[in-house]
Amino acid sequence: MNPSVAVVILNWNGKAFLQQFLPGILLTQYDNLQIFVGDNASTDDSVAFLEINFPTVKIIKNDLNYGFAGGYNKVLERVEAEYFVLLNSDVEVTSNWIKPVIDLMESDDSIAAAQPKIKSQLKKSDFEYAGAAGGYLDIYAYPFCRGRLFNVYESDEGQYNDQKEIFWASGAAFFIKSRCWIETGGLDADLFAHMEEIDLCWRLKNLNYKIMYCPTSEVFHVGGGTLQTENPFKTYLNFRNNLIIMQKNLPAGDAFFRIGIRMWIDFVAWWHFLLSGKPKFTLAVTKGHWHFIKSIAKTNKKRTSVQKPYAAHAGVYNNSVVWAFFIKKIKYFSKL
C-alpha cells in the first residue's frame, strides 16, 4: 500500500471553489487517501454545503479565521497521515497528481517538501504565478519562479520538465512529510498569509532537508481566490513578511547586510507606487516596513540555532532578479 496521504483544503467563504473543484479531487487515483476541508470560521454556507453534498469529506472547523498559516496549523493538529498536502481551494487537479510526487519524496529521506507543476486554470497552456515550475530566491531574497518572472508567464513547452531541487514549494499545492511538519512546528502563524511556505521551506533547508519540484504531476490554479493581486493588504503582507523571513533564516551578519539593501530596493517600489497614483500601495509598503521594525525583537526569538550560508542553498539566484527583469529586460527564467 502507498504511504498515507491527507489532502487538506483550507476554506474561508469558498463555497463556489469547493463546488467547482472538489469533485475532481475526489476522483484522485491514490489508494491511501483522506480528504479534509479545514474551515476558517466561514460566514457563508460552505460548511452546510459540504455536509449535504460531500459526506465523505472530513470537515474540521476552526473557531476563528486564523489566516492561511494559523488556520493550517490548527487544522493539521487534528490530522494523522504520513504526508500532508496543503491544497488551495481554487486548484483543479488531474487524476494522477499525487502518486508521482509521493514516489519522488519516498525516494530520498532528505526530501521534506515538494510541489507539482502549477499552471493557470484560466489559460492552461501557461504557468501560474503561485509556484509555476518551482520557487527560487534572488541574492536579496526576492521570490520568483521558473516559468514566471513578475507578471510575465511562460507557456509550458516542456522546458521545465526536469525534476529539480528548488528553494521553495508553493503553498497552492504543498506536499510535506508530516514528521517534517511536526519537527519544524508548521507554519509561522504571525505571518498570517503570504510567504509562510517560503519561511517553512527555508527552515527545512537550514536543517539540511531538500525541497523538490515534480514535473510529472500537474495541477491548475485560479490564483487570487482569497486575496486579489491588486490589494494593498496583500502588498503589505508581502513586503512585511519578506523582511521577517530574512531575519529569521539568514546568518546574523548576512541578514543585516541583505535586509539593508532589500529595504532600499523596497523604497524604489514605494516611489513607483506613489508616482503611479497608488497611495494605498505606498502606505502598504510603509506599514510593512514599520511593522517589520516593530517586530524585530519578537522575530529574533524565532531564530533557530542553525542558519546555513545563504549561497549554499539550492534555488538561490546569485544576482538581483529585479535588476535582471527591469533593467536588463530579461523576461524568462531560462535567460537568467
# chains A, B, ... in the order shown; residues from 1 in each chain; ligands from 1

$ select_by_dssp --residues "region 97-257 of chain A" --states "strand (DSSP E)" --output "number ranges by chain"
A: 111-120, 135-138, 143-145, 148-149, 152-153, 164-166, 173-177, 210-221

$ residues_around --residues "Val152 (chain A)" --least-positions-apart "5" --cutoff "12 Å" --atoms "only C-alpha atoms" --output "number ranges by chain"
A: 126-129, 132, 144-147, 325-326, 329-333

$ closest_residue --among "A:His194, A:Lys15, A:Lys74, A:Lys205" --to "Ala311 (chain A)" --atoms "only C-alpha atoms"
A:Lys205

$ select_by_dssp --residues "region 85-241 of chain A" --states "alpha helix (DSSP H)" --output "ChimeraX atom specification"
/A:99-106,178-184,196-206,232-241

$ write_last_selection --atoms "N, CA, C and O atoms" --output "tab-separated table (two decimals), in the first residue's frame"
chain	number	residue	atom	x	y	z
A	99	LYS	N	0.46	10.58	-6.76
A	99	LYS	CA	1.45	9.50	-6.70
A	99	LYS	C	2.84	9.89	-7.22
A	99	LYS	O	3.85	9.53	-6.60
A	100	PRO	N	2.97	10.62	-8.34
A	100	PRO	CA	4.33	10.98	-8.78
A	100	PRO	C	5.12	11.78	-7.74
A	100	PRO	O	6.32	11.58	-7.57
A	101	VAL	N	4.43	12.66	-7.02
A	101	VAL	CA	5.12	13.47	-6.01
A	101	VAL	C	5.50	12.60	-4.81
A	101	VAL	O	6.62	12.69	-4.28
A	102	ILE	N	4.60	11.74	-4.39
A	102	ILE	CA	4.90	10.85	-3.26
A	102	ILE	C	6.04	9.90	-3.61
A	102	ILE	O	6.94	9.65	-2.80
A	103	ASP	N	6.03	9.36	-4.82
A	103	ASP	CA	7.12	8.46	-5.25
A	103	ASP	C	8.47	9.19	-5.20
A	103	ASP	O	9.48	8.62	-4.77
A	104	LEU	N	8.48	10.42	-5.66
A	104	LEU	CA	9.72	11.22	-5.60
A	104	LEU	C	10.16	11.42	-4.16
A	104	LEU	O	11.34	11.23	-3.83
A	105	MET	N	9.25	11.79	-3.28
A	105	MET	CA	9.61	12.06	-1.90
A	105	MET	C	10.02	10.80	-1.15
A	105	MET	O	10.87	10.84	-0.26
A	106	GLU	N	9.43	9.68	-1.50
A	106	GLU	CA	9.79	8.40	-0.88
A	106	GLU	C	11.18	7.94	-1.31
A	106	GLU	O	11.81	7.14	-0.62
A	178	SER	N	4.77	14.54	7.15
A	178	SER	CA	4.18	15.02	8.40
A	178	SER	C	5.22	15.10	9.51
A	178	SER	O	5.16	16.01	10.36
A	179	ARG	N	6.21	14.21	9.50
A	179	ARG	CA	7.25	14.27	10.55
A	179	ARG	C	8.08	15.56	10.42
A	179	ARG	O	8.52	16.11	11.43
A	180	CYS	N	8.25	16.04	9.20
A	180	CYS	CA	8.99	17.29	8.99
A	180	CYS	C	8.15	18.49	9.40
A	180	CYS	O	8.67	19.48	9.94
A	181	TRP	N	6.85	18.41	9.14
A	181	TRP	CA	5.94	19.45	9.60
A	181	TRP	C	6.01	19.57	11.12
A	181	TRP	O	6.14	20.67	11.67
A	182	ILE	N	5.94	18.43	11.79
A	182	ILE	CA	5.96	18.43	13.26
A	182	ILE	C	7.32	18.89	13.77
A	182	ILE	O	7.41	19.66	14.74
A	183	GLU	N	8.40	18.46	13.13
A	183	GLU	CA	9.75	18.83	13.56
A	183	GLU	C	9.96	20.34	13.54
A	183	GLU	O	10.61	20.91	14.42
A	184	THR	N	9.40	21.02	12.54
A	184	THR	CA	9.60	22.46	12.39
A	184	THR	C	8.51	23.29	13.06
A	184	THR	O	8.62	24.52	13.13
A	196	GLU	N	4.54	32.37	3.93
A	196	GLU	CA	4.70	31.43	5.03
A	196	GLU	C	5.28	30.10	4.56
A	196	GLU	O	6.04	29.46	5.28
A	197	GLU	N	4.99	29.70	3.31
A	197	GLU	CA	5.57	28.45	2.81
A	197	GLU	C	7.05	28.63	2.49
A	197	GLU	O	7.84	27.69	2.64
A	198	ILE	N	7.45	29.85	2.07
A	198	ILE	CA	8.87	30.11	1.82
A	198	ILE	C	9.64	30.03	3.14
A	198	ILE	O	10.72	29.44	3.22
A	199	ASP	N	9.07	30.62	4.17
A	199	ASP	CA	9.69	30.56	5.50
A	199	ASP	C	9.85	29.11	5.96
A	199	ASP	O	10.92	28.72	6.45
A	200	LEU	N	8.81	28.30	5.80
A	200	LEU	CA	8.88	26.90	6.22
A	200	LEU	C	9.94	26.15	5.42
A	200	LEU	O	10.74	25.39	5.99
A	201	CYS	N	9.97	26.36	4.12
A	201	CYS	CA	10.98	25.69	3.29
A	201	CYS	C	12.39	26.13	3.69
A	201	CYS	O	13.32	25.31	3.73
A	202	TRP	N	12.56	27.40	3.99
A	202	TRP	CA	13.87	27.92	4.40
A	202	TRP	C	14.32	27.28	5.70
A	202	TRP	O	15.47	26.88	5.87
A	203	ARG	N	13.39	27.14	6.65
A	203	ARG	CA	13.72	26.47	7.91
A	203	ARG	C	14.09	25.00	7.67
A	203	ARG	O	15.02	24.48	8.31
A	204	LEU	N	13.38	24.36	6.78
A	204	LEU	CA	13.71	22.97	6.45
A	204	LEU	C	15.09	22.87	5.80
A	204	LEU	O	15.88	21.97	6.12
A	205	LYS	N	15.40	23.80	4.91
A	205	LYS	CA	16.70	23.79	4.24
A	205	LYS	C	17.83	24.05	5.24
A	205	LYS	O	18.92	23.48	5.11
A	206	ASN	N	17.59	24.90	6.23
A	206	ASN	CA	18.60	25.10	7.26
A	206	ASN	C	18.85	23.85	8.09
A	206	ASN	O	19.89	23.73	8.74
A	232	PRO	N	-4.03	46.25	-1.50
A	232	PRO	CA	-3.00	46.83	-0.64
A	232	PRO	C	-2.63	45.95	0.55
A	232	PRO	O	-1.47	45.95	0.98
A	233	PHE	N	-3.59	45.20	1.08
A	233	PHE	CA	-3.29	44.33	2.21
A	233	PHE	C	-2.31	43.23	1.80
A	233	PHE	O	-1.40	42.87	2.55
A	234	LYS	N	-2.49	42.70	0.59
A	234	LYS	CA	-1.55	41.69	0.09
A	234	LYS	C	-0.17	42.30	-0.09
A	234	LYS	O	0.85	41.67	0.23
A	235	THR	N	-0.11	43.54	-0.60
A	235	THR	CA	1.17	44.23	-0.75
A	235	THR	C	1.85	44.40	0.61
A	235	THR	O	3.05	44.14	0.77
A	236	TYR	N	1.07	44.81	1.60
A	236	TYR	CA	1.59	44.96	2.96
A	236	TYR	C	2.17	43.65	3.48
A	236	TYR	O	3.30	43.61	3.99
A	237	LEU	N	1.42	42.56	3.33
A	237	LEU	CA	1.90	41.26	3.82
A	237	LEU	C	3.17	40.83	3.12
A	237	LEU	O	4.11	40.33	3.76
A	238	ASN	N	3.23	41.02	1.81
A	238	ASN	CA	4.41	40.60	1.06
A	238	ASN	C	5.66	41.37	1.49
A	238	ASN	O	6.73	40.77	1.70
A	239	PHE	N	5.55	42.68	1.62
A	239	PHE	CA	6.73	43.48	1.98
A	239	PHE	C	7.14	43.21	3.43
A	239	PHE	O	8.33	43.10	3.73
A	240	ARG	N	6.18	43.12	4.34
A	240	ARG	CA	6.50	42.84	5.74
A	240	ARG	C	7.09	41.44	5.91
A	240	ARG	O	8.14	41.26	6.52
A	241	ASN	N	6.39	40.46	5.35
A	241	ASN	CA	6.78	39.07	5.59
A	241	ASN	C	8.12	38.72	4.98
A	241	ASN	O	8.87	37.91	5.52

$ residues_around --residues "Val5 (chain A)" --least-positions-apart "6" --cutoff "10 Å" --atoms "only C-alpha atoms" --output "VMD selection string"
chain A and resid 30 to 35 80 to 85 98 to 99 102 175 to 178

$ atom_distance --atom1 "CA of Lys61 (chain A)" --atom2 "CA of Ala189 (chain A)"
17.1 Å

$ residues_around --residues "region 208-216 of chain A" --least-positions-apart "2" --cutoff "6 Å" --atoms "only C-alpha atoms" --output "JSON, numbers by chain"
{"A": [101, 110, 111, 112, 113, 114, 115, 116, 117, 134, 161, 163, 164, 165, 166, 204, 205, 206]}

$ closest_residue --among "A:Lys123, A:His221, A:Lys302, A:Arg78" --to "Thr94 (chain A)" --atoms "only C-alpha atoms"
A:His221

$ residues_around --residues "Thr286 (chain A)" --least-positions-apart "4" --cutoff "10 Å" --atoms "only C-alpha atoms" --output "list in words"
Tyr236, Phe239, Arg240, Asp266, Phe267, Trp270, Lys280, Phe281, Thr282, Trp290, His291 and Phe292 of chain A

$ closest_residue --among "A:Ala16, A:Leu336, A:Ala252, A:Val8" --to "Val79 (chain A)" --atoms "only C-alpha atoms"
A:Val8

$ closest_atom_pairs --of "region 105-149 of chain A" --to "region 253-261 of chain A" --cutoff "12 Å" --atoms "only C-alpha atoms" --output "JSON lines"
{"residue": "A:Asp138", "atom": "CA", "partner": "A:Arg258", "partner_atom": "CA", "distance": 10.8}
{"residue": "A:Ile139", "atom": "CA", "partner": "A:Arg258", "partner_atom": "CA", "distance": 8.0}
{"residue": "A:Tyr140", "atom": "CA", "partner": "A:Arg258", "partner_atom": "CA", "distance": 5.7}
{"residue": "A:Ala141", "atom": "CA", "partner": "A:Arg258", "partner_atom": "CA", "distance": 8.0}
{"residue": "A:Tyr142", "atom": "CA", "partner": "A:Arg258", "partner_atom": "CA", "distance": 10.6}

$ write_last_selection --atoms "all heavy atoms" --output "compact mmCIF listing (two decimals), in the first residue's frame"
# COMPACT_ATOMS: atom_id res chain seq x y z
N ASP A 138 16.25 35.37 -5.06
CA ASP A 138 17.44 36.02 -5.63
C ASP A 138 18.40 36.41 -4.52
O ASP A 138 18.23 36.06 -3.35
CB ASP A 138 17.05 37.18 -6.54
CG ASP A 138 16.73 38.47 -5.79
OD1 ASP A 138 16.61 38.46 -4.55
OD2 ASP A 138 16.60 39.52 -6.45
N ILE A 139 19.44 37.15 -4.85
CA ILE A 139 20.51 37.46 -3.92
C ILE A 139 20.01 38.27 -2.72
O ILE A 139 20.60 38.22 -1.62
CB ILE A 139 21.65 38.21 -4.65
CG1 ILE A 139 22.91 38.26 -3.79
CG2 ILE A 139 21.21 39.60 -5.10
CD1 ILE A 139 24.13 38.78 -4.55
N TYR A 140 18.88 38.97 -2.89
CA TYR A 140 18.29 39.74 -1.80
C TYR A 140 16.98 39.12 -1.32
O TYR A 140 16.12 39.82 -0.77
CB TYR A 140 18.09 41.19 -2.21
CG TYR A 140 19.38 41.84 -2.68
CD1 TYR A 140 19.49 42.35 -3.97
CD2 TYR A 140 20.49 41.90 -1.85
CE1 TYR A 140 20.69 42.92 -4.41
CE2 TYR A 140 21.69 42.47 -2.28
CZ TYR A 140 21.78 42.97 -3.56
OH TYR A 140 22.97 43.52 -3.99
N ALA A 141 16.85 37.82 -1.54
CA ALA A 141 15.70 37.03 -1.05
C ALA A 141 14.38 37.46 -1.68
O ALA A 141 13.32 37.28 -1.08
CB ALA A 141 15.62 37.05 0.47
N TYR A 142 14.45 37.99 -2.90
CA TYR A 142 13.22 38.31 -3.62
C TYR A 142 12.71 37.03 -4.30
O TYR A 142 13.43 36.42 -5.07
CB TYR A 142 13.47 39.40 -4.66
CG TYR A 142 12.22 40.13 -5.07
CD1 TYR A 142 11.96 41.42 -4.61
CD2 TYR A 142 11.28 39.53 -5.89
CE1 TYR A 142 10.80 42.10 -4.97
CE2 TYR A 142 10.12 40.19 -6.25
CZ TYR A 142 9.88 41.47 -5.80
OH TYR A 142 8.73 42.12 -6.14

$ closest_residue --among "A:Ser46, A:Val222, A:Leu207, A:Gly70" --to "Ala130 (chain A)" --atoms "only C-alpha atoms"
A:Val222

$ decode --residues "region 197-242 of chain A" --atoms "N, CA and C atoms" --output "short mmCIF file (atom, residue, chain, number, x, y, z; two decimals), in the first residue's frame"
data_model
loop_
_atom_site.label_atom_id
_atom_site.label_comp_id
_atom_site.auth_asym_id
_atom_site.auth_seq_id
_atom_site.Cartn_x
_atom_site.Cartn_y
_atom_site.Cartn_z
N GLU A 197 4.99 29.70 3.31
CA GLU A 197 5.57 28.45 2.81
C GLU A 197 7.05 28.63 2.49
N ILE A 198 7.45 29.85 2.07
CA ILE A 198 8.87 30.11 1.82
C ILE A 198 9.64 30.03 3.14
N ASP A 199 9.07 30.62 4.17
CA ASP A 199 9.69 30.56 5.50
C ASP A 199 9.85 29.11 5.96
N LEU A 200 8.81 28.30 5.80
CA LEU A 200 8.88 26.90 6.22
C LEU A 200 9.94 26.15 5.42
N CYS A 201 9.97 26.36 4.12
CA CYS A 201 10.98 25.69 3.29
C CYS A 201 12.39 26.13 3.69
N TRP A 202 12.56 27.40 3.99
CA TRP A 202 13.87 27.92 4.40
C TRP A 202 14.32 27.28 5.70
N ARG A 203 13.39 27.14 6.65
CA ARG A 203 13.72 26.47 7.91
C ARG A 203 14.09 25.00 7.67
N LEU A 204 13.38 24.36 6.78
CA LEU A 204 13.71 22.97 6.45
C LEU A 204 15.09 22.87 5.80
N LYS A 205 15.40 23.80 4.91
CA LYS A 205 16.70 23.79 4.24
C LYS A 205 17.83 24.05 5.24
N ASN A 206 17.59 24.90 6.23
CA ASN A 206 18.60 25.10 7.26
C ASN A 206 18.85 23.85 8.09
N LEU A 207 17.90 22.92 8.05
CA LEU A 207 18.06 21.62 8.72
C LEU A 207 18.56 20.55 7.76
N ASN A 208 19.03 20.98 6.58
CA ASN A 208 19.62 20.09 5.57
C ASN A 208 18.60 19.20 4.86
N TYR A 209 17.35 19.61 4.86
CA TYR A 209 16.35 18.93 4.04
C TYR A 209 16.33 19.54 2.63
N LYS A 210 15.76 18.78 1.70
CA LYS A 210 15.61 19.23 0.31
C LYS A 210 14.15 19.57 0.02
N ILE A 211 13.96 20.53 -0.87
CA ILE A 211 12.65 20.89 -1.41
C ILE A 211 12.69 20.59 -2.91
N MET A 212 11.69 19.90 -3.42
CA MET A 212 11.76 19.40 -4.79
C MET A 212 10.57 19.86 -5.64
N TYR A 213 10.82 19.87 -6.93
CA TYR A 213 9.79 20.12 -7.95
C TYR A 213 9.60 18.84 -8.74
N CYS A 214 8.32 18.43 -8.89
CA CYS A 214 8.00 17.20 -9.60
C CYS A 214 7.24 17.54 -10.88
N PRO A 215 7.87 17.44 -12.05
CA PRO A 215 7.21 17.86 -13.29
C PRO A 215 6.18 16.88 -13.83
N THR A 216 6.18 15.64 -13.31
CA THR A 216 5.25 14.63 -13.82
C THR A 216 3.89 14.68 -13.13
N SER A 217 3.73 15.60 -12.21
CA SER A 217 2.43 15.89 -11.61
C SER A 217 2.04 17.31 -12.01
N GLU A 218 0.77 17.50 -12.31
CA GLU A 218 0.34 18.78 -12.84
C GLU A 218 -1.01 19.17 -12.23
N VAL A 219 -1.10 20.44 -11.78
CA VAL A 219 -2.36 20.99 -11.30
C VAL A 219 -2.56 22.37 -11.92
N PHE A 220 -3.79 22.88 -11.80
CA PHE A 220 -4.13 24.16 -12.41
C PHE A 220 -4.76 25.06 -11.36
N HIS A 221 -4.18 26.25 -11.20
CA HIS A 221 -4.53 27.15 -10.11
C HIS A 221 -5.20 28.41 -10.66
N VAL A 222 -6.34 28.78 -10.07
CA VAL A 222 -7.01 30.01 -10.47
C VAL A 222 -6.17 31.21 -10.04
N GLY A 223 -5.79 31.25 -8.77
CA GLY A 223 -4.96 32.33 -8.24
C GLY A 223 -5.78 33.51 -7.78
N GLY A 224 -5.38 34.09 -6.63
CA GLY A 224 -6.10 35.25 -6.09
C GLY A 224 -7.49 34.92 -5.62
N GLY A 225 -7.75 33.64 -5.33
CA GLY A 225 -9.10 33.25 -4.94
C GLY A 225 -9.54 33.81 -3.61
N THR A 226 -8.61 34.03 -2.68
CA THR A 226 -8.95 34.56 -1.37
C THR A 226 -8.58 36.03 -1.25
N LEU A 227 -7.42 36.40 -1.80
CA LEU A 227 -6.95 37.79 -1.70
C LEU A 227 -6.44 38.20 -3.07
N GLN A 228 -7.13 39.13 -3.70
CA GLN A 228 -6.80 39.52 -5.07
C GLN A 228 -5.41 40.15 -5.15
N THR A 229 -4.77 39.99 -6.33
CA THR A 229 -3.42 40.51 -6.54
C THR A 229 -3.35 42.01 -6.31
N GLU A 230 -4.31 42.76 -6.86
CA GLU A 230 -4.33 44.21 -6.71
C GLU A 230 -5.03 44.57 -5.40
N ASN A 231 -4.36 44.28 -4.31
CA ASN A 231 -4.92 44.51 -2.99
C ASN A 231 -3.84 45.07 -2.08
N PRO A 232 -4.03 46.25 -1.50
CA PRO A 232 -3.00 46.83 -0.64
C PRO A 232 -2.63 45.95 0.55
N PHE A 233 -3.59 45.20 1.08
CA PHE A 233 -3.29 44.33 2.21
C PHE A 233 -2.31 43.23 1.80
N LYS A 234 -2.49 42.70 0.59
CA LYS A 234 -1.55 41.69 0.09
C LYS A 234 -0.17 42.30 -0.09
N THR A 235 -0.11 43.54 -0.60
CA THR A 235 1.17 44.23 -0.75
C THR A 235 1.85 44.40 0.61
N TYR A 236 1.07 44.81 1.60
CA TYR A 236 1.59 44.96 2.96
C TYR A 236 2.17 43.65 3.48
N LEU A 237 1.42 42.56 3.33
CA LEU A 237 1.90 41.26 3.82
C LEU A 237 3.17 40.83 3.12
N ASN A 238 3.23 41.02 1.81
CA ASN A 238 4.41 40.60 1.06
C ASN A 238 5.66 41.37 1.49
N PHE A 239 5.55 42.68 1.62
CA PHE A 239 6.73 43.48 1.98
C PHE A 239 7.14 43.21 3.43
N ARG A 240 6.18 43.12 4.34
CA ARG A 240 6.50 42.84 5.74
C ARG A 240 7.09 41.44 5.91
N ASN A 241 6.39 40.46 5.35
CA ASN A 241 6.78 39.07 5.59
C ASN A 241 8.12 38.72 4.98
N ASN A 242 8.44 39.32 3.83
CA ASN A 242 9.71 39.02 3.18
C ASN A 242 10.88 39.42 4.09
#
